[in-house]
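Undergrad: Just so it is clear, I am handing over final_22.txt, which has compact mmCIF, C-alpha atoms.
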```txt
# COMPACT_ATOMS: atom_id res chain seq x y z
CA SER A 242 0.00 0.00 0.00
CA SER A 243 1.17 3.48 -0.72
CA HIS A 244 2.10 5.68 2.24
CA PHE A 245 -0.14 8.58 3.25
CA GLY A 246 0.57 11.63 1.13
CA SER A 247 2.36 9.79 -1.68
CA SER A 248 -0.88 9.50 -3.65
CA THR A 249 -1.43 13.24 -3.51
CA ALA A 250 0.59 15.53 -5.72
CA ALA A 251 2.76 18.00 -3.81
CA PRO A 252 1.07 21.42 -3.70
CA LYS A 253 2.46 24.05 -6.01
CA SER A 254 3.93 27.29 -4.75
CA GLY A 255 1.43 30.11 -4.62
CA GLY A 256 1.85 33.83 -5.04
CA ARG A 257 0.94 34.64 -1.45
CA SER A 258 3.77 35.82 0.77
CA SER A 259 4.52 34.30 4.16
CA TRP A 260 3.39 37.55 5.79
CA THR A 261 0.08 37.47 3.93
CA GLU A 262 -0.49 33.95 5.19
CA ALA A 263 0.29 35.02 8.75
CA MET A 264 -2.11 37.95 8.59
CA GLN A 265 -4.85 35.65 7.26
CA HIS A 266 -4.80 33.81 10.59
CA GLN A 267 -3.78 36.51 13.10
CA PRO A 268 -6.79 38.20 14.77
CA LEU A 269 -6.68 41.99 14.53
CA GLY A 270 -8.95 42.59 17.52
CA PHE A 271 -11.51 41.00 19.79
CA ALA A 272 -14.40 41.17 17.31
CA ASP A 273 -12.26 39.82 14.51
CA GLY A 274 -10.97 37.03 16.72
CA GLN A 275 -14.50 36.07 17.73
CA GLN A 276 -15.60 35.98 14.11
CA ARG A 277 -12.71 33.74 13.11
CA GLN A 278 -13.31 31.37 16.01
CA GLN A 279 -16.96 31.01 15.01
CA ARG A 280 -16.26 30.34 11.32
CA MET A 281 -17.35 27.02 9.90
CA GLU A 282 -14.48 24.62 9.35
CA PRO A 283 -14.82 21.83 6.77
CA LYS A 284 -15.71 18.36 7.97
CA PRO A 285 -12.90 15.85 7.47
CA GLN A 286 -13.52 13.90 4.27
CA ILE A 287 -11.61 11.34 2.28
CA PHE A 288 -11.75 10.57 -1.43
CA ILE A 289 -11.70 6.96 -2.63
CA GLY A 290 -10.72 6.54 -6.26
CA LYS A 291 -10.35 3.53 -8.56
CA VAL A 292 -13.39 1.87 -7.02
CA PRO A 293 -14.14 -1.36 -8.95
CA ASN A 294 -17.16 -1.34 -11.24
CA ASN A 295 -20.44 -2.43 -9.65
CA LEU A 296 -18.91 -2.68 -6.18
CA PRO A 297 -21.70 -2.82 -3.56
CA LEU A 298 -21.69 0.13 -1.20
CA SER A 299 -21.77 -2.32 1.73
CA VAL A 300 -18.31 -3.61 0.77
CA LEU A 301 -16.85 -0.12 0.94
CA GLU A 302 -18.66 0.62 4.20
CA ALA A 303 -17.30 -2.55 5.76
CA GLN A 304 -13.77 -1.23 5.24
CA LEU A 305 -14.40 2.39 6.22
CA VAL A 306 -16.84 2.29 9.15
CA PRO A 307 -14.34 0.62 11.56
CA PHE A 308 -12.20 3.76 11.21
CA GLY A 309 -15.12 5.99 12.17
CA ALA A 310 -16.40 6.83 8.68
CA SER A 311 -19.95 8.06 8.16
CA ASN A 312 -22.04 9.13 5.18
CA VAL A 313 -20.15 6.87 2.78
CA ARG A 314 -21.43 7.67 -0.71
CA MET A 315 -20.47 6.50 -4.18
CA LEU A 316 -20.70 8.65 -7.30
CA GLU A 317 -22.64 6.83 -9.99
CA GLY A 318 -20.53 6.09 -13.05
CA LYS A 319 -17.44 7.80 -11.59
CA ASN A 320 -15.70 4.83 -9.90
CA CYS A 321 -15.09 6.96 -6.83
CA ALA A 322 -16.58 7.62 -3.42
CA PHE A 323 -16.41 9.97 -0.43
CA ALA A 324 -16.69 9.43 3.32
CA ASP A 325 -16.90 11.78 6.31
CA PHE A 326 -15.04 11.53 9.62
CA ASP A 327 -15.26 13.27 12.98
CA THR A 328 -11.54 14.02 13.14
CA TRP A 329 -8.67 14.49 10.71
CA ALA A 330 -6.69 11.92 12.66
CA ALA A 331 -9.37 9.26 12.02
CA ALA A 332 -9.41 10.12 8.32
CA GLU A 333 -5.63 9.86 8.25
CA GLN A 334 -5.69 6.39 9.82
CA ALA A 335 -8.19 5.20 7.21
CA ILE A 336 -5.91 6.48 4.46
CA LEU A 337 -2.83 4.80 5.92
CA SER A 338 -4.62 1.47 6.23
CA LEU A 339 -6.75 1.36 3.07
CA ASN A 340 -4.80 3.14 0.34
CA GLY A 341 -3.82 0.57 -2.27
CA MET A 342 -6.15 -2.16 -0.95
CA LYS A 343 -7.71 -4.48 -3.55
CA LEU A 344 -11.40 -4.85 -2.77
CA VAL A 345 -12.28 -7.61 -5.22
CA GLU A 346 -10.57 -10.83 -6.17
CA GLY A 347 -8.49 -10.55 -9.32
CA ALA A 348 -8.25 -6.75 -9.21
CA THR A 349 -5.18 -5.41 -11.01
CA GLU A 350 -4.90 -2.29 -8.87
CA GLY A 351 -5.99 -1.13 -5.45
CA ILE A 352 -8.16 1.81 -4.44
CA ASN A 353 -6.68 5.30 -4.21
CA VAL A 354 -7.52 6.82 -0.81
CA LYS A 355 -6.56 10.37 0.15
CA LEU A 356 -7.97 13.49 1.78
CA ALA A 357 -10.71 15.06 -0.30
CA GLU A 358 -9.78 18.54 -1.47
CA GLN A 359 -11.98 21.11 0.24
CA LYS A 360 -11.91 24.86 0.51
CA GLY A 361 -10.64 25.78 3.97
CA GLN A 362 -9.21 22.35 4.81
CA PRO A 363 -6.06 22.19 6.97
CA LYS A 364 -2.94 23.45 5.26
CA GLY A 365 0.26 21.47 5.06
CA ARG A 366 2.74 19.89 2.71
CA ASP A 367 3.18 16.28 1.66
CA GLY A 368 0.28 15.22 3.89
CA LYS A 369 1.75 16.82 7.01
CA PRO A 370 -0.66 19.22 8.79
CA LYS A 371 0.24 22.79 9.75
CA VAL A 372 -1.01 24.40 12.98
CA PHE A 373 -1.46 28.14 13.54
CA ILE A 374 -0.65 29.54 17.01
CA GLY A 375 -1.69 33.13 17.72
CA GLY A 376 -1.30 35.48 20.67
CA LEU A 377 2.34 34.69 21.44
CA VAL A 378 4.50 36.71 23.80
CA PRO A 379 6.90 39.10 22.00
CA GLY A 380 10.47 37.92 21.72
CA LEU A 381 9.61 34.23 21.60
CA THR A 382 12.06 32.16 19.58
CA GLU A 383 11.25 29.51 16.99
CA ASP A 384 13.27 26.99 18.97
CA THR A 385 11.06 27.60 22.01
CA ILE A 386 7.89 27.11 19.96
CA ALA A 387 9.33 23.90 18.53
CA GLN A 388 10.21 22.62 22.00
CA VAL A 389 6.76 23.32 23.43
CA CYS A 390 5.02 21.72 20.45
CA SER A 391 7.31 18.69 20.46
CA ALA A 392 5.46 17.65 23.63
CA PHE A 393 2.63 16.65 21.30
CA GLY A 394 4.55 14.98 18.49
CA SER A 395 7.32 15.26 15.93
CA VAL A 396 7.68 18.88 14.80
CA GLN A 397 8.75 19.05 11.16
CA GLU A 398 8.98 22.84 10.79
CA SER A 399 8.26 25.98 12.81
CA LYS A 400 8.20 29.64 11.91
CA ILE A 401 7.32 32.85 13.79
CA PHE A 402 5.90 35.98 12.14
CA ASN A 403 5.84 39.45 13.69
CA LYS A 404 4.60 42.65 12.03
CA ASN A 405 6.00 45.09 14.58
CA PRO A 406 6.94 45.19 18.30
CA ALA A 407 3.42 46.38 19.20
CA SER A 408 1.70 43.38 17.60
CA PRO A 409 1.72 39.90 19.20
CA PRO A 410 3.59 37.42 17.02
CA CYS A 411 2.09 34.22 15.64
CA ALA A 412 3.60 30.92 14.61
CA PHE A 413 3.04 28.09 12.15
CA VAL A 414 4.09 24.61 13.21
CA THR A 415 4.03 21.53 10.96
CA PHE A 416 3.56 18.12 12.54
CA ALA A 417 4.25 14.64 11.19
CA ASN A 418 0.57 13.65 11.30
CA PHE A 419 -2.94 14.80 12.18
CA THR A 420 -3.06 12.89 15.47
CA GLU A 421 -0.19 15.00 16.80
CA ALA A 422 -1.57 18.23 15.36
CA GLU A 423 -5.02 17.68 16.90
CA LEU A 424 -3.42 16.89 20.28
CA CYS A 425 -1.52 20.18 20.11
CA ILE A 426 -4.69 22.12 19.28
CA SER A 427 -6.85 20.49 21.96
CA SER A 428 -4.14 20.94 24.59
CA LEU A 429 -3.11 24.55 23.91
CA HIS A 430 -6.11 26.38 22.44
CA GLY A 431 -7.65 28.85 24.87
CA GLN A 432 -4.96 28.23 27.49
CA GLU A 433 -2.99 30.79 29.49
CA HIS A 434 0.49 29.50 28.82
CA GLY A 435 4.00 30.80 29.32
CA ILE A 436 4.34 31.36 25.58
CA CYS A 437 1.29 33.64 25.23
CA SER A 438 1.00 37.39 25.78
CA PRO A 439 0.27 38.44 29.40
CA GLY A 440 -3.45 38.41 30.13
CA LYS A 441 -4.21 36.61 26.86
CA THR A 442 -4.96 33.04 25.86
CA LEU A 443 -3.53 31.08 22.96
CA ASN A 444 -5.45 30.89 19.67
CA VAL A 445 -4.52 27.50 18.23
CA ARG A 446 -6.09 25.84 15.19
CA PHE A 447 -5.30 24.22 11.87
CA ALA A 448 -3.86 26.61 9.32
CA GLU A 449 -6.23 26.80 6.37
CA ALA A 450 -5.40 25.79 2.83
CA GLN A 451 -6.66 28.28 0.25
CA HIS A 452 -7.68 26.47 -2.92
CA ASN A 453 -7.55 27.82 -6.42
CA MET A 454 -10.66 26.08 -7.68
CA LYS A 455 -9.68 26.45 -11.38
CA GLN A 456 -12.06 24.19 -13.31
CA GLY A 457 -12.92 21.94 -10.39
CA SER A 458 -16.47 21.22 -9.41
CA THR A 459 -17.79 20.72 -5.89
CA ILE A 460 -19.54 17.55 -4.70
CA GLY A 461 -20.61 17.44 -1.07
CA GLY A 462 -18.10 20.12 -0.13
CA ALA A 463 -15.20 18.35 -1.83
CA ILE A 464 -13.41 19.67 -4.90
CA VAL A 465 -13.36 17.25 -7.81
CA GLY A 466 -11.02 17.95 -10.72
CA GLY A 467 -8.51 20.70 -9.95
CA GLY A 468 -7.81 22.67 -6.82
CA THR A 469 -4.33 23.37 -5.50
CA ALA A 470 -3.12 24.86 -2.25
CA PRO A 471 -0.28 27.39 -2.08
CA ARG A 472 2.66 26.36 0.03
CA VAL A 473 4.88 28.59 2.07
CA GLY A 474 8.50 27.62 2.55
CA MET A 475 9.42 27.19 6.21
CA SER A 476 12.92 26.08 7.06
CA SER A 477 13.93 27.80 10.28
CA HIS A 478 13.49 24.72 12.46
CA ARG A 479 13.36 21.09 11.42
CA GLY A 480 13.48 17.68 13.02
CA THR A 481 12.41 18.25 16.63
CA PRO A 482 12.20 14.90 18.50
CA GLY A 483 8.89 13.44 19.59
CA PRO A 484 7.17 13.89 22.96
CA THR A 485 8.37 12.87 26.41
CA GLY A 486 6.40 12.78 29.66
CA ALA A 487 8.41 15.63 31.19
CA MET A 488 8.00 17.88 28.18
CA MET A 489 4.26 17.17 28.02
CA ALA A 490 3.87 18.15 31.67
CA ALA A 491 5.86 21.34 31.14
CA ALA A 492 3.84 22.31 28.08
CA LEU A 493 0.51 21.75 29.79
CA ALA A 494 1.42 23.44 33.07
CA GLY A 495 1.44 26.98 31.61
CA GLY A 496 1.84 30.22 33.48
CA GLY A 497 5.62 30.03 33.72
CA PRO A 498 8.35 31.59 31.58
CA PRO A 499 8.90 30.25 28.06
CA LEU A 500 10.87 27.04 27.83
CA GLN A 501 14.40 27.27 26.46
CA MET A 502 16.09 24.82 24.17
CA PRO A 503 19.10 23.12 25.82
```
Would you encode the structure as structure tokens?

TA:
Amino acid sequence: SSHFGSSTAAPKSGGRSSWTEAMQHQPLGFADGQQRQQRMEPKPQIFIGKVPNNLPLSVLEAQLVPFGASNVRMLEGKNCAFADFDTWAAAEQAILSLNGMKLVEGATEGINVKLAEQKGQPKGRDGKPKVFIGGLVPGLTEDTIAQVCSAFGSVQESKIFNKNPASPPCAFVTFANFTEAELCISSLHGQEHGICSPGKTLNVRFAEAQHNMKQGSTIGGAIVGGGTAPRVGMSSHRGTPGPTGAMMAAALAGGGPPLQMP
């Protein structure tokens, strides 16, 4: 079976600058922050391609439902299907397990399973999700952000953006998988932590991918045929080790000074 991400073409570079991306996510004030927090985020979906002709829906459901899939639907005459999930991590596990599986005896090729392309879906590169962290304390280093986030998984990249000394900086952190990224979000969002501005709480969520729809059409919220996400190069920090119990405790404690890299 193909590994997660290998079945999806790498996103092409877009014309948006890194600063433009940062400003897209950074709240400009209380009202703006409230509006962004209340925005509708897309439901995790996967696309299943190369579905054998005349395959009963029940066969596909039997493979997908154990991973938490719901609303499994096949497109008539298209040899493809879609399924919804409650979390991106669950969708990712289905992809890792099912991509390349042969569903019928004698099949010459397996099914192609990947995240369905949707407007506003989490941003990342090569299948690795990117997390936005807003409301950081001024002067925070990228190494410190990487160390805090490594309590939740393997940090692939981290980058801090700051418009001016009067504005709180924000960061983008890329994780190895959605399970780690969702743990980071659930653990840090809304928390008073040593890395956030005094009197503020952290604003943590998936960074959004902005799709150029081109000639793609939309089916159930998913983009079919076309749709690429711009990527922003981030190379300041790479290869932070995975979590340890001590680092997890330190990251969740909050309230103290920022952690320092050894």

Undergrad: Work out how far atom CA of Thr415 of chain A is from atom CA of Gly368 of chain A, in Å to one decimal.

TA: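 Taking atom CA of Gly368 of chain A as the start and atom CA of Thr415 of chain A as the end point, the length is 10.2 Å.
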
Undergrad: As number ranges by chain, please: the residues near segment 404-412 of chain A (cut-off 6 Å, all atoms listed in the file, same-chain neighbours under 4 positions excluded).

TA: A: 373-377, 379, 400

Undergrad: Atom CA of Lys441 of chain A and atom CA of Ile386 of chain A, how far apart in Å?

TA: 16.9 Å

Undergrad: Within 10 Å of segment 345-351 of chain A, counting all atoms listed in the file, which residues show up once you throw out same-chain ones fewer than 6 positions away? Write them as an mmCIF file with C-alpha atoms, in the coordinates of the input, please.

TA:
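Resulting contents of out-v2.cif:
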```cif
data_model
loop_
_atom_site.group_PDB
_atom_site.id
_atom_site.type_symbol
_atom_site.label_atom_id
_atom_site.label_comp_id
_atom_site.auth_asym_id
_atom_site.auth_seq_id
_atom_site.Cartn_x
_atom_site.Cartn_y
_atom_site.Cartn_z
ATOM 1 C CA SER A 242 0.000 0.000 0.000
ATOM 2 C CA SER A 243 1.170 3.480 -0.720
ATOM 3 C CA GLY A 290 -10.720 6.540 -6.260
ATOM 4 C CA LYS A 291 -10.350 3.530 -8.560
ATOM 5 C CA VAL A 292 -13.390 1.870 -7.020
ATOM 6 C CA PRO A 293 -14.140 -1.360 -8.950
ATOM 7 C CA ASN A 294 -17.160 -1.340 -11.240
ATOM 8 C CA LEU A 296 -18.910 -2.680 -6.180
ATOM 9 C CA VAL A 300 -18.310 -3.610 0.770
ATOM 10 C CA LEU A 339 -6.750 1.360 3.070
#
```

Undergrad: What would the list of residues within 10 Å of (-21.9, 0.3, -8.5) (file frame) look like as a tab-separated table (two decimals) with C-alpha atoms, keeping the file's coordinate frame, if all atoms listed in the file are what count?

TA:
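And here's out.tsv as it stands now:
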```tsv
chain	number	residue	atom	x	y	z
A	292	VAL	CA	-13.39	1.87	-7.02
A	293	PRO	CA	-14.14	-1.36	-8.95
A	294	ASN	CA	-17.16	-1.34	-11.24
A	295	ASN	CA	-20.44	-2.43	-9.65
A	296	LEU	CA	-18.91	-2.68	-6.18
A	297	PRO	CA	-21.70	-2.82	-3.56
A	298	LEU	CA	-21.69	0.13	-1.20
A	315	MET	CA	-20.47	6.50	-4.18
A	316	LEU	CA	-20.70	8.65	-7.30
A	317	GLU	CA	-22.64	6.83	-9.99
A	318	GLY	CA	-20.53	6.09	-13.05
A	319	LYS	CA	-17.44	7.80	-11.59
A	320	ASN	CA	-15.70	4.83	-9.90
A	321	CYS	CA	-15.09	6.96	-6.83
```

Undergrad: At what distance in Å, to one decimal, does atom CA of Ile426 of chain A lie from atom CA of Ser311 of chain A?

TA: 23.5 Å

Undergrad: I'd like the neighbourhood of Lys369 of chain A as a ChimeraX atom specification, where a residue qualifies if any of its atoms comes within 7 Å (using all atoms listed in the file), though same-chain residues fewer than 6 positions away should be ignored.

TA: /A:415-418
